[in-house]
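Undergrad: Structure supplied as coords-v2.cif; contents: mmCIF, C-alpha atoms.
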```cif
data_final
loop_
_atom_site.label_atom_id
_atom_site.label_comp_id
_atom_site.auth_asym_id
_atom_site.auth_seq_id
_atom_site.Cartn_x
_atom_site.Cartn_y
_atom_site.Cartn_z
CA MET F 1 7.58 6.02 -36.21
CA ALA F 2 3.92 6.72 -35.37
CA VAL F 3 3.07 7.61 -31.78
CA VAL F 4 0.34 5.40 -30.33
CA THR F 5 -2.10 7.34 -28.19
CA THR F 6 -4.60 5.91 -25.77
CA PRO F 7 -8.12 6.92 -26.74
CA LYS F 8 -9.74 9.33 -24.28
CA GLN F 9 -12.44 6.79 -23.38
CA ASP F 10 -9.81 4.15 -22.50
CA ARG F 11 -7.87 6.64 -20.34
CA SER F 12 -11.09 7.56 -18.59
CA ARG F 13 -11.88 3.89 -17.92
CA VAL F 14 -8.37 3.31 -16.53
CA THR F 15 -8.65 6.36 -14.26
CA ARG F 16 -12.04 5.20 -12.98
CA GLN F 17 -10.65 1.72 -12.29
CA ARG F 18 -7.68 3.16 -10.40
CA LEU F 19 -10.00 5.29 -8.29
CA LEU F 20 -12.21 2.32 -7.41
CA GLU F 21 -9.21 0.14 -6.51
CA ALA F 22 -7.79 2.98 -4.39
CA ALA F 23 -11.15 3.50 -2.67
CA VAL F 24 -11.34 -0.18 -1.75
CA ALA F 25 -7.74 -0.22 -0.51
CA CYS F 26 -8.32 2.93 1.57
CA LEU F 27 -11.45 1.44 3.10
CA ALA F 28 -9.62 -1.76 3.99
CA GLU F 29 -6.69 0.12 5.56
CA ARG F 30 -8.18 3.34 6.94
CA GLY F 31 -11.90 2.66 7.33
CA TRP F 32 -14.66 5.07 6.34
CA ALA F 33 -13.48 8.04 8.40
CA GLY F 34 -10.00 8.01 6.85
CA SER F 35 -11.16 7.47 3.28
CA THR F 36 -11.79 10.91 1.84
CA VAL F 37 -11.92 11.74 -1.87
CA SER F 38 -8.56 13.52 -1.55
CA VAL F 39 -6.91 10.49 0.08
CA VAL F 40 -8.33 8.16 -2.57
CA ALA F 41 -7.29 10.47 -5.42
CA GLU F 42 -3.74 10.72 -4.06
CA ARG F 43 -3.50 6.95 -3.73
CA ALA F 44 -4.82 6.50 -7.28
CA GLY F 45 -2.28 9.01 -8.58
CA VAL F 46 -4.86 11.40 -9.98
CA SER F 47 -5.92 14.93 -9.09
CA ARG F 48 -8.87 15.59 -6.83
CA GLY F 49 -10.51 17.33 -9.82
CA ALA F 50 -10.14 14.19 -11.94
CA ALA F 51 -11.63 12.13 -9.12
CA GLN F 52 -14.59 14.49 -8.85
CA HIS F 53 -15.07 14.40 -12.62
CA HIS F 54 -15.77 10.65 -12.30
CA PHE F 55 -17.43 10.77 -8.87
CA PRO F 56 -18.82 14.23 -7.99
CA THR F 57 -19.38 13.35 -4.32
CA ARG F 58 -17.84 11.07 -1.72
CA GLU F 59 -21.08 9.07 -1.67
CA ASP F 60 -20.90 8.60 -5.46
CA LEU F 61 -17.34 7.30 -5.14
CA PHE F 62 -18.06 4.86 -2.36
CA THR F 63 -21.39 3.71 -3.79
CA ALA F 64 -19.43 2.76 -6.91
CA ALA F 65 -16.81 1.16 -4.66
CA VAL F 66 -19.58 -0.94 -3.05
CA GLU F 67 -20.50 -2.28 -6.48
CA TYR F 68 -16.85 -2.84 -7.36
CA VAL F 69 -16.21 -4.79 -4.14
CA ALA F 70 -19.32 -6.91 -4.75
CA GLU F 71 -18.21 -7.67 -8.33
CA GLU F 72 -14.64 -8.52 -7.24
CA ARG F 73 -15.86 -10.79 -4.43
CA SER F 74 -18.21 -12.55 -6.85
CA ARG F 75 -15.40 -12.94 -9.38
CA ALA F 76 -13.16 -14.42 -6.68
CA LEU F 77 -15.95 -16.82 -5.69
CA ARG F 78 -16.48 -17.99 -9.26
CA ALA F 79 -12.74 -18.62 -9.63
CA LEU F 80 -12.52 -20.96 -6.61
CA PRO F 81 -11.29 -24.45 -7.46
CA GLY F 82 -13.58 -27.42 -6.90
CA HIS F 83 -11.28 -30.01 -5.31
CA HIS F 84 -11.55 -31.88 -2.04
CA THR F 85 -13.75 -30.51 0.73
CA ALA F 86 -10.75 -29.26 2.73
CA ALA F 87 -9.50 -27.20 -0.24
CA VAL F 88 -12.96 -25.72 -0.85
CA VAL F 89 -13.43 -24.85 2.84
CA GLY F 90 -9.97 -23.26 2.98
CA ALA F 91 -10.54 -21.23 -0.19
CA LEU F 92 -13.92 -19.95 0.98
CA VAL F 93 -12.52 -18.98 4.39
CA ASP F 94 -9.61 -17.20 2.67
CA LEU F 95 -12.14 -15.17 0.71
CA TYR F 96 -13.89 -14.13 3.92
CA THR F 97 -10.64 -13.23 5.68
CA GLY F 98 -8.97 -11.35 2.80
CA PRO F 99 -8.79 -7.65 1.87
CA LEU F 100 -12.04 -7.64 -0.14
CA PHE F 101 -13.99 -8.81 2.91
CA ARG F 102 -12.15 -6.23 5.04
CA ALA F 103 -13.19 -3.46 2.64
CA ALA F 104 -16.76 -4.80 2.55
CA LEU F 105 -16.85 -4.79 6.34
CA HIS F 106 -15.87 -1.12 6.46
CA LEU F 107 -18.62 -0.44 3.94
CA TRP F 108 -21.14 -2.20 6.22
CA VAL F 109 -20.10 -0.02 9.14
CA ALA F 110 -20.28 3.13 7.01
CA ALA F 111 -23.67 2.09 5.62
CA SER F 112 -25.06 1.71 9.14
CA ASN F 113 -24.54 5.46 9.58
CA GLU F 114 -24.81 6.74 5.99
CA GLU F 115 -28.35 6.59 4.60
CA GLN F 116 -27.15 7.04 1.01
CA LEU F 117 -24.96 3.94 1.22
CA ARG F 118 -27.27 1.70 3.25
CA ALA F 119 -29.76 0.63 0.58
CA ARG F 120 -27.03 -0.08 -1.98
CA VAL F 121 -24.84 -2.03 0.45
CA THR F 122 -27.82 -4.04 1.71
CA GLU F 123 -28.91 -4.94 -1.82
CA LEU F 124 -25.42 -5.95 -2.97
CA GLU F 125 -24.67 -7.95 0.17
CA ALA F 126 -27.92 -9.87 -0.25
CA ARG F 127 -26.95 -10.66 -3.85
CA PHE F 128 -23.43 -11.70 -2.79
CA GLY F 129 -24.87 -13.87 0.00
CA ARG F 130 -27.10 -15.74 -2.46
CA GLU F 131 -24.24 -16.21 -4.92
CA SER F 132 -21.76 -17.37 -2.27
CA HIS F 133 -24.29 -19.92 -1.01
CA ARG F 134 -24.98 -21.21 -4.53
CA ILE F 135 -21.27 -21.53 -5.33
CA ALA F 136 -20.51 -23.20 -1.97
CA VAL F 137 -23.26 -25.77 -2.66
CA GLU F 138 -21.79 -26.42 -6.10
CA LEU F 139 -18.16 -26.70 -4.94
CA LEU F 140 -19.04 -28.90 -1.96
CA HIS F 141 -21.30 -31.10 -4.12
CA ALA F 142 -23.99 -30.59 -1.48
CA ASP F 143 -27.41 -32.12 -2.14
CA GLU F 144 -29.87 -29.52 -0.87
CA THR F 145 -32.79 -31.87 -1.41
CA ARG F 146 -31.61 -33.65 1.76
CA PRO F 147 -33.06 -32.20 4.98
CA GLY F 148 -30.71 -29.86 6.80
CA VAL F 149 -28.08 -29.59 4.05
CA ARG F 150 -29.02 -26.02 3.11
CA GLU F 151 -28.67 -24.96 6.75
CA ILE F 152 -25.34 -26.77 7.10
CA VAL F 153 -23.88 -24.91 4.12
CA GLN F 154 -25.29 -21.57 5.31
CA GLY F 155 -23.95 -22.20 8.81
CA PHE F 156 -20.51 -22.83 7.36
CA LEU F 157 -20.62 -19.53 5.42
CA ASP F 158 -21.79 -17.69 8.54
CA MET F 159 -18.87 -19.15 10.50
CA ALA F 160 -16.44 -18.17 7.70
CA ARG F 161 -17.73 -14.61 8.02
CA GLY F 162 -17.17 -14.83 11.77
CA LEU F 163 -13.55 -15.83 11.19
CA GLY F 164 -13.21 -12.79 8.95
CA LEU F 165 -14.44 -10.59 11.79
CA ALA F 166 -12.02 -12.25 14.25
CA ASN F 167 -9.17 -11.62 11.83
CA LEU F 168 -9.94 -7.90 11.64
CA LEU F 169 -8.15 -7.00 14.88
CA THR F 170 -5.45 -9.66 15.13
CA ASP F 171 -3.81 -12.22 12.86
CA ASP F 172 -5.80 -15.31 13.71
CA THR F 173 -4.10 -17.62 11.18
CA ALA F 174 -2.87 -20.38 13.52
CA ARG F 175 -6.21 -20.87 15.27
CA ARG F 176 -8.10 -20.41 12.00
CA ASP F 177 -6.14 -23.21 10.28
CA ARG F 178 -7.15 -25.67 13.02
CA VAL F 179 -10.79 -24.55 12.87
CA VAL F 180 -10.87 -24.83 9.06
CA ALA F 181 -9.47 -28.37 9.19
CA GLN F 182 -12.18 -29.35 11.68
CA TRP F 183 -14.92 -27.73 9.58
CA ALA F 184 -13.76 -29.66 6.53
CA HIS F 185 -13.98 -32.90 8.52
CA LEU F 186 -17.46 -32.04 9.84
CA LEU F 187 -18.72 -31.00 6.40
CA GLU F 188 -17.47 -34.21 4.82
CA ALA F 189 -19.35 -36.20 7.45
CA ALA F 190 -22.50 -34.09 7.13
CA LEU F 191 -22.61 -33.79 3.35
CA GLY F 192 -21.43 -37.26 2.37
CA ALA F 193 -18.27 -38.43 0.66
CA PRO F 194 -15.44 -35.95 -0.06
CA ALA F 195 -15.81 -34.13 -3.35
CA PRO F 196 -13.84 -35.84 -6.12
CA GLU F 197 -10.93 -34.15 -7.85
CA ARG F 198 -11.90 -32.45 -11.09
CA GLY F 199 -9.72 -33.14 -14.05
#
```
How does the structure come out when it is put into structure tokens?

TA:
Amino acid sequence: MAVVTTPKQDRSRVTRQRLLEAAVACLAERGWAGSTVSVVAERAGVSRGAAQHHFPTREDLFTAAVEYVAEERSRALRALPGHHTAAVVGALVDLYTGPLFRAALHLWVAASNEEQLRARVTELEARFGRESHRIAVELLHADETRPGVREIVQGFLDMARGLGLANLLTDDTARRDRVVAQWAHLLEAALGAPAPERG
């Protein structure tokens, strides 16, 4: 029976993916100070040498992790279901209170002190902000030609980010659920009729 081998390029891609996932997980759990190349490599199950082959410096690794987090957050946004307003609000808040947001937050803090990360994080966050607004408008069936609607949607996203910050130190689930229910009610009133179910 023939032995199937994984082409070198595929193995390299898998290793790179594991390193990026490990970098994001380390950031979310340990923050910037606790996320060294060695820690990330160990978590990914690869040698430090293999990690440095893909990412020669810590900045290279975490700059790539910034891009990976931005792509994953955008992918999660695009996958959100478009149902009733309450479901959309809940799903968007979940995105801002989950592990990807937590990792992104640690990247923001690191970027405030690391010049090499700052420009990249700022650029990607601006892009994510524009995409999250566009997708929220679409899912909420918001008519931005009406005065104030753009600001209402943006205010909602800003508040969702605030809930993500509140959730960083303590589990804020019980209070958050009540707040989310109220937001859904307010958004329905401000934006018009509840979004219809999509078949």

Undergrad: Sorted by chain and rising residue number, list the residues of range 71-168 of chain F at most 12 Å from range 8-22 of chain F (counting all atoms listed in the file), each with its closest atom pair and distance in Å to one decimal, as JSON lines.

TA:
```
{"residue": "F:Glu71", "atom": "CA", "partner": "F:Leu20", "partner_atom": "CA", "distance": 11.7}
{"residue": "F:Glu72", "atom": "CA", "partner": "F:Glu21", "partner_atom": "CA", "distance": 10.2}
{"residue": "F:Pro99", "atom": "CA", "partner": "F:Glu21", "partner_atom": "CA", "distance": 11.4}
{"residue": "F:Leu100", "atom": "CA", "partner": "F:Glu21", "partner_atom": "CA", "distance": 10.4}
{"residue": "F:Ala103", "atom": "CA", "partner": "F:Glu21", "partner_atom": "CA", "distance": 10.6}
```

Undergrad: For the atom pair CA of Leu168 in chain F and CA of Leu117 in chain F, what is the interatomic distance in Å to one decimal place?

TA: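 It comes out at 21.8 Å.
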
Undergrad: For a test of reading the model, state the distance in Å between CA of Arg175 in chain F and CA of Val24 in chain F, rounded to one decimal.

TA: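 Pair CA of Arg175 in chain F / CA of Val24 in chain F returns 27.3 Å.
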
Undergrad: Quick one: residues within 9 Å of range 104-109 of chain F, only C-alpha atoms counted, chain neighbours fewer than 3 positions away excluded, as a PyMOL selection string?

TA: chain F and resi 24+27-28+30-32+62+65-66+69-70+99-101+112-114+117-118+121-122+125+165

Undergrad: Counting all atoms listed in the file, which residue out of F:Asn167, F:Leu187, F:Gln182, F:Ala119 sits closest to Arg150 in chain F?

TA: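 Counting all atoms listed in the file, the residue closest to Arg150 in chain F is F:Leu187.
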
Undergrad: Which residues match the PyMOL selection byres ((chain F and resi 135) around 12) in the file above, as a ChimeraX atom specification?

TA: /F:74-82,88-89,91-92,128-134,136-142,153-154,157

Undergrad: Given all atoms listed in the file as the basis, pick out the residue of F:Arg73, F:His84, F:Arg43, F:Arg48 nearest to Glu188 in chain F.

TA: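 Closest candidate: F:His84.
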
Undergrad: Suppose you want the space between CA of Arg161 in chain F and CA of Asp143 in chain F; what is it in Å?

TA: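 Between CA of Arg161 in chain F and CA of Asp143 in chain F the gap is 22.4 Å.
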
Undergrad: Once you add 3 Å to each side, what are the centre and edge lengths of the axis-aligned box holding all listed atoms of range 12-24 of chain F? One decimal in Å, as JSON, if you can.

TA:
```
{"center_x": -9.9, "center_y": 3.7, "center_z": -10.2, "size_x": 10.5, "size_y": 13.7, "size_z": 22.8}
```

Undergrad: Of the residues F:Ala44, F:Glu29, F:Arg120, F:Thr173, which is the one nearest to Asp60 in chain F, using only C-alpha atoms?

TA: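 The shortest atom-to-atom distance to Asp60 in chain F comes from F:Arg120.
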
Undergrad: Given the point (-4.6, 12.0, -1.1) in the coordinates of this file, which residues lie within 12 Å, counting all atoms listed in the file, and how would they look as a list in words?

TA: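 All residues meeting the 12 Å criterion around (-4.6, 12.0, -1.1) are Leu19, Ala22, Ala23, Cys26, Gly34, Ser35, Thr36, Val37, Ser38, Val39, Val40, Ala41, Glu42, Arg43, Ala44, Gly45, Val46, Ser47, Arg48, Gly49 and Ala51 of chain F.
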
Undergrad: Suppose a student applies the PyMOL selection byres ((chain F and resi 183) around 12) to this structure; what residues should they get, written as a VMD selection string?

TA: chain F and resid 85 to 90 92 to 93 152 to 153 155 to 157 159 to 160 176 to 182 184 to 191

Undergrad: I need the residue nearest Ala64 in chain F from this list: F:Leu124, F:Leu95, F:Leu163, F:Ala174. Use all atoms listed in the file for the distance.

TA: F:Leu124
